[in-house]
>>> print(open('run25.cif').read())   # mmCIF, C-alpha atoms
data_final
#
loop_
_atom_site.label_atom_id
_atom_site.label_comp_id
_atom_site.auth_asym_id
_atom_site.auth_seq_id
_atom_site.Cartn_x
_atom_site.Cartn_y
_atom_site.Cartn_z
CA MET A 28 103.25 54.85 92.28
CA ARG A 29 104.42 56.06 88.87
CA PHE A 30 102.16 58.25 86.63
CA VAL A 31 102.36 57.91 82.97
CA HIS A 32 100.86 60.42 80.61
CA GLN A 33 98.31 58.74 78.27
CA PRO A 34 96.83 60.08 75.08
CA VAL A 35 93.29 61.38 75.33
CA GLY A 36 92.01 58.74 73.02
CA LYS A 37 93.10 56.00 75.31
CA VAL A 38 91.55 57.69 78.25
CA LEU A 39 88.32 58.15 76.34
CA SER A 40 88.46 54.59 75.33
CA LEU A 41 88.85 53.51 78.86
CA ALA A 42 86.23 55.83 80.00
CA LEU A 43 83.73 54.50 77.41
CA SER A 44 84.50 50.94 78.27
CA ALA A 45 84.08 51.66 81.88
CA SER A 46 81.08 53.82 81.59
CA LEU A 47 79.09 51.46 83.66
CA VAL A 48 81.77 51.51 86.35
CA PHE A 49 81.41 55.22 86.73
CA GLN A 50 77.88 54.79 87.67
CA SER A 51 78.87 52.83 90.79
CA PHE A 52 81.90 54.77 91.92
CA PRO A 53 81.83 58.19 93.53
CA ILE A 54 83.36 61.03 91.60
CA SER A 55 85.86 61.60 94.42
CA ALA A 56 87.30 58.23 93.83
CA LEU A 57 87.75 58.98 90.17
CA ALA A 58 89.45 62.10 91.15
CA ARG A 59 91.95 60.25 93.25
CA MET A 60 93.10 57.60 90.86
CA SER A 61 93.49 56.55 87.33
CA TYR A 62 94.84 53.41 85.74
CA ASP A 63 96.53 52.64 82.57
CA THR A 64 95.46 50.12 80.16
CA GLN A 65 97.41 47.36 81.82
CA GLY A 66 95.56 47.95 85.11
CA GLU A 67 98.31 49.77 86.81
CA ALA A 68 97.34 52.82 88.72
CA LEU A 69 98.08 56.11 87.12
CA ALA A 70 98.81 59.41 88.66
CA PRO A 71 95.79 61.22 90.04
CA ALA A 72 94.06 63.39 87.42
CA SER A 73 93.28 67.04 87.77
CA SER A 74 89.71 68.19 88.44
CA THR A 75 89.53 69.96 85.10
CA TRP A 76 90.38 66.88 83.22
CA ILE A 77 87.91 64.92 85.16
CA ALA A 78 85.25 67.43 84.46
CA ASP A 79 86.07 67.27 80.81
CA GLN A 80 85.88 63.56 80.96
CA LEU A 81 82.57 63.65 82.65
CA ALA A 82 81.23 66.09 80.19
CA ALA A 83 82.43 63.93 77.38
CA LEU A 84 80.83 60.96 79.07
CA ALA A 85 77.58 62.82 79.39
CA GLU A 86 77.71 63.69 75.74
CA GLU A 87 78.36 60.11 74.90
CA GLN A 88 75.44 59.04 76.99
CA ALA A 89 73.25 61.62 75.29
CA ALA A 90 74.46 60.47 71.93
CA GLN A 91 73.79 56.91 72.95
CA GLU A 92 70.28 57.76 74.02
CA ALA A 93 69.72 59.69 70.81
CA ALA A 94 71.00 56.73 68.82
CA GLN A 95 68.73 54.44 70.80
CA THR A 96 65.86 56.76 70.03
CA LYS A 97 66.75 56.64 66.35
CA VAL A 98 66.96 52.86 66.57
CA ASP A 99 63.52 52.75 68.14
CA GLU A 100 62.21 55.12 65.53
CA SER A 101 63.80 52.97 62.85
CA ASN A 102 62.18 49.89 64.34
CA GLU A 103 58.85 51.67 64.31
CA THR A 104 59.49 52.73 60.73
CA ILE A 105 60.40 49.13 59.84
CA GLU A 106 57.23 47.83 61.46
CA SER A 107 55.23 50.46 59.61
CA LEU A 108 56.92 49.49 56.37
CA LYS A 109 56.20 45.83 57.08
CA GLU A 110 52.53 46.70 57.56
CA GLN A 111 52.59 48.69 54.35
CA ILE A 112 54.27 45.79 52.56
CA ALA A 113 51.59 43.40 53.87
CA SER A 114 48.90 45.83 52.75
CA HIS A 115 50.51 46.10 49.34
CA GLU A 116 50.76 42.30 49.13
CA ASP A 117 46.99 42.11 49.87
CA THR A 118 46.40 44.72 47.21
CA ILE A 119 48.57 42.73 44.80
CA ALA A 120 46.63 39.55 45.64
CA GLU A 121 43.36 41.38 45.06
CA ALA A 122 44.76 42.77 41.84
CA GLN A 123 45.78 39.29 40.75
CA GLY A 124 42.26 38.00 41.50
CA SER A 125 40.87 40.91 39.53
CA VAL A 126 43.21 40.00 36.68
CA SER A 127 41.83 36.42 36.65
CA GLN A 128 38.30 37.77 36.61
CA ARG A 129 39.19 40.15 33.83
CA GLN A 130 40.74 37.25 31.95
CA GLU A 131 37.47 35.26 32.24
CA GLU A 132 35.51 38.30 31.17
CA LEU A 133 37.88 38.70 28.26
CA GLU A 134 37.35 35.06 27.23
CA GLN A 135 33.55 35.48 27.50
CA ALA A 136 33.75 38.64 25.46
CA GLN A 137 35.83 36.80 22.87
CA ALA A 138 33.25 33.99 22.73
CA GLN A 139 30.47 36.54 22.28
CA ALA A 140 32.51 38.20 19.58
CA ASP A 141 32.96 34.84 17.83
CA GLY A 142 29.20 34.19 18.06
CA ALA A 143 28.49 37.61 16.67
CA ALA A 144 30.88 36.88 13.82
CA ASP A 145 28.97 33.66 13.04
CA GLN A 146 25.67 35.52 13.11
CA LEU A 147 27.13 38.13 10.84
CA GLU A 148 28.23 35.44 8.41
CA THR A 149 24.75 33.87 8.51
CA ALA A 150 23.16 37.25 7.93
CA LYS A 151 25.48 37.88 4.99
CA LYS A 152 24.57 34.52 3.52
CA ALA A 153 20.84 35.22 3.92
CA TYR A 154 21.34 38.59 2.32
CA ASP A 155 23.19 37.03 -0.59
CA GLU A 156 20.42 34.47 -1.06
CA ASN A 157 17.80 37.19 -1.16
CA GLU A 158 19.64 39.44 -3.55
CA GLU A 159 17.66 38.09 -6.50
CA ALA A 160 14.36 38.64 -4.70
CA ILE A 161 15.48 42.14 -3.79
CA ALA A 162 16.40 42.77 -7.41
CA ASP A 163 12.99 41.53 -8.57
CA ALA A 164 11.25 43.72 -6.03
CA GLN A 165 13.31 46.70 -7.13
CA LYS A 166 12.43 45.97 -10.74
CA ARG A 167 8.76 45.85 -9.83
CA ILE A 168 9.11 49.13 -7.95
CA GLU A 169 10.75 50.69 -10.97
CA GLU A 170 7.94 49.41 -13.17
CA LEU A 171 5.34 50.81 -10.83
CA GLU A 172 7.18 54.12 -10.64
CA LYS A 173 7.35 54.17 -14.41
CA ILE A 174 3.63 53.56 -14.60
CA ALA A 175 3.03 56.20 -11.93
CA ASP A 176 4.88 58.72 -14.09
CA GLY A 177 2.71 57.87 -17.08
CA ASP A 178 -0.85 58.62 -17.98
CA LEU A 179 -3.70 57.39 -15.76
CA SER A 180 -5.12 55.60 -18.77
CA GLU A 181 -2.33 53.06 -18.52
CA TRP A 182 -3.59 52.11 -15.09
CA GLU A 183 -7.15 51.91 -16.32
CA LYS A 184 -6.02 49.82 -19.26
CA ALA A 185 -4.24 47.45 -16.88
CA VAL A 186 -7.46 47.03 -14.91
CA THR A 187 -9.47 46.48 -18.10
CA ASP A 188 -6.99 43.90 -19.35
CA ALA A 189 -7.08 42.14 -15.98
CA GLU A 190 -10.88 42.10 -16.06
CA ASP A 191 -10.83 40.63 -19.57
CA ALA A 192 -8.31 38.02 -18.48
CA LEU A 193 -10.51 37.16 -15.51
CA ALA A 194 -13.58 36.81 -17.72
CA ASN A 195 -11.68 34.56 -20.11
CA ALA A 196 -10.37 32.47 -17.23
CA GLN A 197 -13.89 32.10 -15.83
CA SER A 198 -15.18 31.11 -19.27
CA ASP A 199 -12.40 28.53 -19.62
CA LEU A 200 -13.24 27.13 -16.20
CA ASP A 201 -16.93 26.95 -17.05
CA ASP A 202 -16.16 25.16 -20.29
CA ALA A 203 -13.79 22.73 -18.58
CA GLN A 204 -16.30 22.02 -15.82
CA ALA A 205 -19.09 21.54 -18.33
CA GLU A 206 -16.93 19.11 -20.28
CA LEU A 207 -16.12 17.17 -17.10
CA ASP A 208 -19.76 17.12 -16.00
CA GLU A 209 -20.82 15.92 -19.42
CA LEU A 210 -18.24 13.14 -19.43
CA GLU A 211 -19.16 12.00 -15.93
CA GLU A 212 -22.85 12.06 -16.85
CA GLN A 213 -22.14 10.18 -20.06
CA LYS A 214 -20.18 7.51 -18.18
CA ALA A 215 -22.92 7.18 -15.57
CA SER A 216 -25.62 6.85 -18.23
CA GLY A 217 -24.43 3.41 -19.33
CA SER A 218 -25.53 2.43 -22.83
CA PHE A 219 -26.91 5.94 -23.44
CA GLY A 220 -23.35 7.27 -23.28
CA PHE A 221 -22.12 4.36 -25.38
CA PHE A 222 -24.64 5.02 -28.15
CA GLU A 223 -23.97 8.75 -27.98
CA TYR A 224 -20.23 8.15 -28.27
CA TYR A 225 -20.73 6.15 -31.46
CA GLY A 226 -23.45 8.38 -32.87
CA ALA A 227 -26.10 5.64 -32.75
CA THR A 228 -29.09 7.94 -33.13
CA SER A 229 -31.63 5.18 -33.81
CA ALA A 230 -30.60 3.38 -30.63
CA LEU A 231 -30.95 6.56 -28.55
CA ASN A 232 -34.36 7.20 -30.07
CA ALA A 233 -35.45 3.69 -29.16
CA LEU A 234 -34.54 4.26 -25.54
CA ASN A 235 -35.73 7.82 -25.20
CA ASN A 236 -38.96 7.59 -27.20
CA SER A 237 -40.21 4.09 -26.38
CA THR A 238 -43.68 3.63 -24.96
CA TYR A 239 -42.37 2.57 -21.58
CA ALA A 240 -39.28 4.78 -21.43
CA ASP A 241 -40.09 5.61 -17.81
CA LYS A 242 -39.22 2.01 -16.86
CA THR A 243 -35.58 2.63 -17.74
CA GLN A 244 -33.12 4.00 -15.16
CA LYS A 245 -30.16 5.31 -17.11
CA GLY A 246 -26.98 3.38 -16.39
CA ASP A 247 -28.21 2.01 -13.06
CA ALA A 248 -26.21 -1.07 -12.06
CA ASP A 249 -29.34 -3.30 -12.15
CA ASP A 250 -30.82 -1.67 -15.24
CA ALA A 251 -30.56 -3.25 -18.69
CA THR A 252 -28.71 -0.10 -19.85
CA SER A 253 -25.71 -0.65 -17.57
CA LEU A 254 -22.42 -1.39 -19.32
CA GLU A 255 -22.07 -4.51 -17.17
CA SER A 256 -25.36 -5.78 -18.57
CA MET A 257 -24.16 -5.10 -22.10
CA ARG A 258 -20.97 -7.08 -21.46
CA GLU A 259 -22.87 -10.04 -20.01
CA SER A 260 -25.28 -9.96 -22.93
CA LEU A 261 -22.40 -10.84 -25.23
CA THR A 262 -22.01 -14.13 -23.35
CA TRP A 263 -25.60 -15.22 -24.09
CA MET A 264 -25.48 -14.11 -27.73
CA ARG A 265 -22.35 -16.23 -28.15
CA LYS A 266 -24.28 -19.13 -26.63
CA LEU A 267 -27.04 -18.83 -29.26
CA ASN A 268 -24.52 -18.56 -32.10
CA GLU A 269 -22.95 -21.80 -30.91
CA ILE A 270 -26.38 -23.46 -31.12
CA ARG A 271 -27.04 -22.05 -34.57
CA SER A 272 -23.60 -23.09 -35.82
CA GLY A 273 -24.31 -26.60 -34.63
CA LEU A 274 -27.49 -26.58 -36.73
CA GLY A 275 -25.78 -25.27 -39.82
CA LEU A 276 -27.31 -21.82 -39.40
CA GLY A 277 -25.49 -18.52 -39.83
CA GLU A 278 -24.28 -16.65 -36.74
CA LEU A 279 -26.18 -13.53 -35.81
CA ALA A 280 -24.49 -10.11 -35.90
CA VAL A 281 -25.27 -7.28 -33.46
CA THR A 282 -26.74 -3.83 -34.07
CA ASP A 283 -26.97 -0.89 -31.67
CA TYR A 284 -30.65 -0.48 -32.49
CA LEU A 285 -31.59 -4.07 -31.55
CA MET A 286 -29.48 -3.78 -28.38
CA ALA A 287 -31.42 -0.64 -27.40
CA CYS A 288 -34.76 -2.35 -28.19
CA ALA A 289 -33.84 -5.32 -25.99
CA GLN A 290 -32.82 -2.98 -23.15
CA ALA A 291 -36.05 -0.98 -23.27
CA ASP A 292 -38.15 -4.17 -23.42
CA ALA A 293 -36.23 -5.91 -20.61
CA ASN A 294 -36.76 -2.94 -18.27
CA TYR A 295 -40.51 -3.07 -19.00
CA SER A 296 -40.79 -6.86 -18.64
CA ASP A 297 -39.02 -6.61 -15.27
CA THR A 298 -42.35 -5.27 -14.01
CA VAL A 299 -44.81 -7.63 -15.72
CA VAL A 300 -44.79 -11.11 -17.25
CA ALA A 301 -45.43 -9.95 -20.78
CA HIS A 302 -43.79 -8.71 -23.94
CA ALA A 303 -43.53 -4.93 -24.23
CA GLU A 304 -44.23 -4.99 -28.00
CA GLN A 305 -42.75 -1.48 -28.34
CA PHE A 306 -40.83 -2.20 -31.54
CA ASP A 307 -41.41 -4.04 -34.82
CA VAL A 308 -38.98 -6.87 -34.02
CA ALA A 309 -39.08 -10.55 -33.02
CA GLU A 310 -38.42 -11.07 -29.33
CA ASN A 311 -37.73 -13.70 -26.70
CA VAL A 312 -38.24 -12.97 -22.97
CA ALA A 313 -37.41 -15.20 -20.02
CA TRP A 314 -37.59 -14.78 -16.23
CA ASN A 315 -35.50 -16.78 -13.80
CA TYR A 316 -33.11 -16.42 -10.90
CA GLY A 317 -29.98 -16.00 -12.98
CA SER A 318 -29.86 -19.29 -14.88
CA ASN A 319 -29.38 -20.00 -18.59
CA PRO A 320 -32.35 -18.56 -20.53
CA PHE A 321 -31.73 -20.96 -23.41
CA ASP A 322 -32.79 -23.81 -21.16
CA GLN A 323 -36.25 -22.22 -21.37
CA TRP A 324 -36.15 -20.82 -24.91
CA TYR A 325 -34.43 -23.67 -26.65
CA ASN A 326 -34.25 -26.86 -24.65
CA GLU A 327 -37.74 -26.84 -23.09
CA GLU A 328 -39.57 -25.49 -26.12
CA LYS A 329 -37.74 -27.84 -28.52
CA ALA A 330 -39.16 -30.70 -26.47
CA TYR A 331 -42.69 -29.29 -26.89
CA PHE A 332 -42.06 -28.83 -30.60
CA ASP A 333 -40.81 -32.38 -31.02
CA GLU A 334 -43.88 -33.69 -29.19
CA ALA A 335 -46.21 -31.74 -31.42
CA TRP A 336 -44.32 -32.83 -34.53
CA ALA A 337 -44.50 -36.48 -33.48
CA SER A 338 -48.22 -36.18 -32.85
CA ALA A 339 -48.88 -34.43 -36.12
CA THR A 340 -46.82 -36.81 -38.23
CA GLU A 341 -47.68 -39.96 -36.28
CA GLY A 342 -44.09 -41.07 -36.34
CA VAL A 343 -43.56 -40.87 -40.11
CA ALA A 344 -39.94 -39.84 -39.52
CA SER A 345 -37.60 -41.12 -36.86
CA SER A 346 -36.70 -37.65 -35.54
CA ALA A 347 -38.10 -34.17 -35.67
CA PRO A 348 -36.58 -31.66 -38.04
CA THR A 349 -34.18 -28.99 -36.72
CA GLY A 350 -32.92 -25.65 -37.85
CA ALA A 351 -34.35 -24.28 -41.10
CA GLU A 352 -36.36 -27.47 -41.70
CA ALA A 353 -38.10 -27.14 -38.34
CA VAL A 354 -39.05 -23.52 -39.09
CA SER A 355 -40.31 -24.48 -42.51
CA TRP A 356 -42.36 -27.42 -41.18
CA TYR A 357 -43.90 -25.20 -38.46
CA SER A 358 -44.93 -22.54 -40.97
CA ASN A 359 -46.91 -25.22 -42.79
CA ASN A 360 -48.27 -26.97 -39.67
CA SER A 361 -48.62 -24.20 -37.09
CA ASP A 362 -52.33 -24.90 -36.47
CA ALA A 363 -51.65 -28.58 -35.66
CA VAL A 364 -48.83 -27.62 -33.32
CA GLU A 365 -50.89 -25.00 -31.46
CA LYS A 366 -53.81 -27.43 -31.15
CA TYR A 367 -51.55 -30.05 -29.65
CA LEU A 368 -50.11 -27.59 -27.12
CA ILE A 369 -53.58 -26.36 -26.04
CA GLU A 370 -54.83 -29.92 -25.58
CA HIS A 371 -51.82 -31.10 -23.65
CA TYR A 372 -50.70 -27.90 -21.84
CA PRO A 373 -53.82 -25.81 -21.37
CA ASN A 374 -53.61 -22.44 -19.57
CA PRO A 375 -55.45 -22.76 -16.21
CA ASP A 376 -56.81 -19.22 -16.52
CA ASP A 377 -57.88 -19.60 -20.15
CA PRO A 378 -58.26 -23.16 -21.49
CA SER A 379 -58.49 -21.83 -25.04
CA LEU A 380 -54.77 -21.04 -24.78
CA SER A 381 -51.71 -23.07 -23.95
CA GLU A 382 -49.43 -22.27 -21.04
CA VAL A 383 -46.41 -23.25 -23.13
CA SER A 384 -45.00 -22.07 -26.44
CA VAL A 385 -42.56 -23.01 -29.17
CA GLY A 386 -42.18 -19.48 -30.57
CA HIS A 387 -38.96 -18.68 -28.63
CA TYR A 388 -37.44 -21.93 -29.92
CA LEU A 389 -38.32 -21.04 -33.49
CA ASN A 390 -36.83 -17.53 -33.13
CA CYS A 391 -33.57 -19.09 -32.01
CA ILE A 392 -33.33 -21.23 -35.14
CA ASP A 393 -34.96 -18.99 -37.74
CA PRO A 394 -32.60 -18.94 -40.73
CA ASP A 395 -33.93 -15.57 -41.95
CA PHE A 396 -32.68 -13.69 -38.90
CA THR A 397 -29.25 -12.12 -39.40
CA VAL A 398 -28.99 -9.57 -36.58
CA THR A 399 -29.85 -9.54 -32.91
CA GLY A 400 -29.67 -7.65 -29.64
CA PHE A 401 -29.72 -8.80 -26.02
CA ALA A 402 -30.32 -7.27 -22.60
CA ILE A 403 -30.55 -8.29 -18.94
CA CYS A 404 -32.39 -6.43 -16.18
CA THR A 405 -31.37 -7.66 -12.72
CA ARG A 406 -33.59 -5.29 -10.73
CA GLY A 407 -35.82 -8.23 -9.74
CA THR A 408 -39.04 -6.29 -9.35
CA MET A 409 -41.09 -9.49 -9.55
CA ASP A 410 -40.02 -11.95 -6.86
CA GLY A 411 -36.35 -11.20 -7.50
CA TRP A 412 -36.44 -12.61 -11.04
CA PHE A 413 -33.87 -11.55 -13.60
CA THR A 414 -35.35 -10.59 -16.95
CA TYR A 415 -33.62 -11.72 -20.16
CA ASP A 416 -34.64 -10.21 -23.49
CA GLN A 417 -33.37 -11.00 -27.00
CA THR A 418 -34.47 -9.22 -30.16
CA PHE A 419 -34.16 -10.44 -33.76
CA ALA A 420 -34.47 -8.98 -37.25
CA ASN A 421 -33.83 -10.03 -40.79
CA SER A 422 -31.48 -7.11 -41.42
CA GLY A 423 -29.96 -4.04 -39.83
CA SER A 424 -26.94 -1.82 -40.20
CA PRO A 425 -24.40 -1.08 -39.16
CA SER A 426 -23.93 -4.54 -37.77
CA PHE A 427 -20.96 -6.02 -35.89
CA THR A 428 -19.67 -9.45 -35.02
CA LEU A 429 -19.69 -10.23 -31.34
CA ASP A 430 -15.92 -9.73 -31.14
CA GLU A 431 -16.22 -6.37 -32.87
CA TYR A 432 -18.99 -5.29 -30.56
CA GLU A 433 -17.00 -6.29 -27.52
CA ASN A 434 -14.06 -4.26 -28.81
CA ARG A 435 -16.35 -1.26 -29.21
CA ILE A 436 -17.43 -1.53 -25.57
CA ASP A 437 -13.81 -1.83 -24.44
CA ALA A 438 -12.77 1.15 -26.55
CA TYR A 439 -15.58 3.27 -25.13
CA VAL A 440 -14.73 2.39 -21.53
CA GLU A 441 -11.05 3.13 -22.17
CA ALA A 442 -11.94 6.46 -23.78
CA MET A 443 -13.97 7.42 -20.72
CA GLU A 444 -11.17 6.39 -18.38
CA GLU A 445 -8.78 8.64 -20.28
CA ALA A 446 -11.14 11.54 -20.97
CA ILE A 447 -12.39 12.06 -17.43
CA PRO A 448 -8.93 12.48 -15.78
CA SER A 449 -7.96 14.76 -18.66
CA ALA A 450 -11.09 16.85 -18.13
CA GLU A 451 -10.42 16.93 -14.39
CA LYS A 452 -6.95 18.31 -15.10
CA LYS A 453 -8.44 20.96 -17.36
CA VAL A 454 -10.71 22.03 -14.52
CA THR A 455 -7.80 22.16 -12.08
CA ASP A 456 -5.68 24.19 -14.50
CA ALA A 457 -8.59 26.51 -15.24
CA GLU A 458 -9.18 27.05 -11.52
CA ALA A 459 -5.51 27.96 -11.07
CA ALA A 460 -5.67 30.36 -14.04
CA LEU A 461 -8.81 31.94 -12.61
CA SER A 462 -7.12 32.43 -9.25
CA GLU A 463 -4.14 34.10 -10.94
CA ALA A 464 -6.47 36.33 -12.94
CA GLU A 465 -8.32 37.36 -9.79
CA GLU A 466 -5.05 38.22 -8.08
CA ALA A 467 -3.85 40.20 -11.12
CA LEU A 468 -7.11 42.15 -11.20
CA ALA A 469 -6.86 42.92 -7.49
CA GLN A 470 -3.32 44.21 -7.97
CA ALA A 471 -4.35 46.35 -10.93
CA GLN A 472 -7.29 47.81 -9.02
CA GLN A 473 -5.08 48.52 -6.02
CA ALA A 474 -2.53 50.23 -8.26
CA LEU A 475 -5.26 52.37 -9.79
CA LYS A 476 -6.18 53.63 -6.34
#
>>> encode(input="run25.cif", output="structure tokens")
Amino acid sequence: MRFVHQPVGKVLSLALSASLVFQSFPISALARMSYDTQGEALAPASSTWIADQLAALAEEQAAQEAAQTKVDESNETIESLKEQIASHEDTIAEAQGSVSQRQEELEQAQAQADGAADQLETAKKAYDENEEAIADAQKRIEELEKIADGDLSEWEKAVTDAEDALANAQSDLDDAQAELDELEEQKASGSFGFFEYYGATSALNALNNSTYADKTQKGDADDATSLESMRESLTWMRKLNEIRSGLGLGELAVTDYLMACAQADANYSDTVVAHAEQFDVAENVAWNYGSNPFDQWYNEEKAYFDEAWASATEGVASSAPTGAEAVSWYSNNSDAVEKYLIEHYPNPDDPSLSEVSVGHYLNCIDPDFTVTGFAICTRGTMDGWFTYDQTFANSGSPSFTLDEYENRIDAYVEAMEEAIPSAEKKVTDAEAALSEAEEALAQAQQALK
């Protein structure tokens, strides 16, 4: 066998590659042979070299074990780092969740901030709107401070002035209320208020001072003094004027005095079938259930008159006189007429009297009468009868045509309708002024304290 010297590196290389082989071969065998890299046996090595090789092998093994230990430690370190990375990733995830929450909180905070900004704007607007009120209050404060710096007499004077103003306001209210009360009383008093409005003193005296004044109920709807009764009276006076015009007689004018006389008499005759005879005037009275009184005064009594005339004249003329002629004939033949009526229409209670008359008829057609008055009492004290009363006189002033008198009634009613609301407003205004005066006095008294 041929030995070939090999470099140490090659031997080490062989030894490292065959390290596992050494574990299964006895050292003696290694001592006896060696091979080259081509597998050919080499010359036997010396024991020193072998020992060196073994030592080197041992070192290599130690190094290998140390490296393995480092690898294991590195693996442990890697695993630890992985765990740390996972922990950090969890922390990052938690942090990200916290960021989302913080973002929501930030948005809520921004919304609250926006709401606060709106409230601030509203508050600023309210402040701006109240600047004038604040300025007025400040001015008042300055005035009060100015007064406070002055003499006490100024305060006392303010109280005195306020008391005077209150007294004046109370007086104004009293006057306004008195005016309203007077107007309302005047309106409710019917013809009394009408006559007062026009200054008809004689008419008021007739109502107030008549013998049976207690029979009158001022302005009551069923009383002869109601304005409704006065209006309706115009209708019946027009009816008589139509009759008189047809007979060639002059139309009758109206006076306040005769209207008042008729009203006073109608209220009395509502209680008894009789003439009141309270005034020195001619008068017709009729009782019925609301029908035409001229059927009684004119139509019925004309028939009685014509009968008496025919009897007295024994048919000398074809028809009885009318109008002024009838009145004239009666004045010359009144005894014959009355005798005829007693004989043919005797009164059951007193046969010396007649139960019928022609006097109302003659009043209707008397040519000497120039003025009249008329009244209706609808109280119906006797069996529900209405009482109609018409008064007549030869003269009277001031007198008015029926149209003029109607216009006077309308004007009075219109005046009342305007005056009462005006008086009511005066009362309302006076009450407001009184309230302001009371408040001003309270403030002045408080300031004085």
>>> closest_residue(input="run25.cif", among="A:Asn102, A:Thr262, A:Ser379, A:Gln88", to="Tyr432 (chain A)", atoms="all atoms listed in the file")
A:Thr262
>>> atom_distance(input="run25.cif", atom1="CA of Leu279 (chain A)", atom2="CA of Asp333 (chain A)")
24.3 Å
>>> closest_residue(input="run25.cif", among="A:Gln470, A:Ala85, A:Thr228, A:Cys391", to="Glu269 (chain A)", atoms="all atoms listed in the file")
A:Cys391
>>> resolve_selection(input="run25.cif", expression="the PyMOL selection byres ((chain A and resi 433-443) around 9)", output="PDB file with C-alpha atoms, keeping the file's coordinate frame")
ATOM      1  CA  LEU A 210     -18.240  13.140 -19.430  1.00  0.00           C
ATOM      2  CA  GLU A 211     -19.160  12.000 -15.930  1.00  0.00           C
ATOM      3  CA  GLN A 213     -22.140  10.180 -20.060  1.00  0.00           C
ATOM      4  CA  LYS A 214     -20.180   7.510 -18.180  1.00  0.00           C
ATOM      5  CA  GLY A 220     -23.350   7.270 -23.280  1.00  0.00           C
ATOM      6  CA  PHE A 221     -22.120   4.360 -25.380  1.00  0.00           C
ATOM      7  CA  TYR A 224     -20.230   8.150 -28.270  1.00  0.00           C
ATOM      8  CA  TYR A 225     -20.730   6.150 -31.460  1.00  0.00           C
ATOM      9  CA  LEU A 254     -22.420  -1.390 -19.320  1.00  0.00           C
ATOM     10  CA  MET A 257     -24.160  -5.100 -22.100  1.00  0.00           C
ATOM     11  CA  ARG A 258     -20.970  -7.080 -21.460  1.00  0.00           C
ATOM     12  CA  LEU A 261     -22.400 -10.840 -25.230  1.00  0.00           C
ATOM     13  CA  THR A 428     -19.670  -9.450 -35.020  1.00  0.00           C
ATOM     14  CA  LEU A 429     -19.690 -10.230 -31.340  1.00  0.00           C
ATOM     15  CA  ASP A 430     -15.920  -9.730 -31.140  1.00  0.00           C
ATOM     16  CA  GLU A 431     -16.220  -6.370 -32.870  1.00  0.00           C
ATOM     17  CA  TYR A 432     -18.990  -5.290 -30.560  1.00  0.00           C
ATOM     18  CA  GLU A 444     -11.170   6.390 -18.380  1.00  0.00           C
ATOM     19  CA  GLU A 445      -8.780   8.640 -20.280  1.00  0.00           C
ATOM     20  CA  ALA A 446     -11.140  11.540 -20.970  1.00  0.00           C
ATOM     21  CA  ILE A 447     -12.390  12.060 -17.430  1.00  0.00           C
ATOM     22  CA  PRO A 448      -8.930  12.480 -15.780  1.00  0.00           C
TER      23      PRO A 448
END
>>> resolve_selection(input="run25.cif", expression="the PyMOL selection byres ((chain A and resi 193) around 10)", output="MDAnalysis selection string")
chainID A and resid 187:192 194:199 460:468
>>> residues_around(input="run25.cif", residues="region 293-309 of chain A", least_positions_apart="3", cutoff="6 Å", atoms="only C-alpha atoms", output="number ranges by chain")
A: 242-243, 289-290, 404, 408, 414, 416, 418-420
>>> closest_residue(input="run25.cif", among="A:Ile392, A:Ala291, A:Ala280, A:Ala93", to="Asn236 (chain A)", atoms="only C-alpha atoms")
A:Ala291
>>> residues_near_point(input="run25.cif", point="(-45.6, -22.4, -23.0)", cutoff="9 Å", atoms="only C-alpha atoms", output="ChimeraX atom specification")
/A:328,331,368,372,374,381-386
>>> residues_around(input="run25.cif", residues="Ala353 (chain A)", least_positions_apart="2", cutoff="10 Å", atoms="all atoms listed in the file", output="NGL selection string")
:A and (329 or 332-333 or 336 or 347-351 or 355-358 or 388-389 or 392-393)
>>> closest_residue(input="run25.cif", among="A:Asp283, A:Asp292, A:Glu458, A:Glu183", to="Gln472 (chain A)", atoms="only C-alpha atoms")
A:Glu183
>>> residues_near_point(input="run25.cif", point="(-34.5, 6.0, -14.2)", cutoff="12 Å", atoms="all atoms listed in the file", output="list in words")
Ala215, Ser216, Gly217, Phe219, Leu234, Asn235, Tyr239, Ala240, Asp241, Lys242, Thr243, Gln244, Lys245, Gly246, Asp247, Ala248, Asp249, Asp250, Ala251, Thr252, Ser253, Ala291, Asn294, Tyr295 and Arg406 of chain A
>>> atom_distance(input="run25.cif", atom1="CA of Glu156 (chain A)", atom2="CA of Ala144 (chain A)")
18.3 Å
>>> closest_residue(input="run25.cif", among="A:Pro373, A:Gly273, A:His115, A:Tyr316", to="Gly411 (chain A)", atoms="only C-alpha atoms")
A:Tyr316
>>> resolve_selection(input="run25.cif", expression="the PyMOL selection byres ((chain A and resi 322) around 12)", output="compact mmCIF listing (two decimals) with C-alpha atoms, in the frame of the given file")
# COMPACT_ATOMS: atom_id res chain seq x y z
CA TRP A 263 -25.60 -15.22 -24.09
CA LYS A 266 -24.28 -19.13 -26.63
CA LEU A 267 -27.04 -18.83 -29.26
CA ILE A 270 -26.38 -23.46 -31.12
CA ALA A 313 -37.41 -15.20 -20.02
CA TRP A 314 -37.59 -14.78 -16.23
CA ASN A 315 -35.50 -16.78 -13.80
CA GLY A 317 -29.98 -16.00 -12.98
CA SER A 318 -29.86 -19.29 -14.88
CA ASN A 319 -29.38 -20.00 -18.59
CA PRO A 320 -32.35 -18.56 -20.53
CA PHE A 321 -31.73 -20.96 -23.41
CA GLN A 323 -36.25 -22.22 -21.37
CA TRP A 324 -36.15 -20.82 -24.91
CA TYR A 325 -34.43 -23.67 -26.65
CA ASN A 326 -34.25 -26.86 -24.65
CA GLU A 327 -37.74 -26.84 -23.09
CA GLU A 328 -39.57 -25.49 -26.12
CA LYS A 329 -37.74 -27.84 -28.52
CA ALA A 330 -39.16 -30.70 -26.47
CA HIS A 387 -38.96 -18.68 -28.63
CA TYR A 388 -37.44 -21.93 -29.92
CA CYS A 391 -33.57 -19.09 -32.01
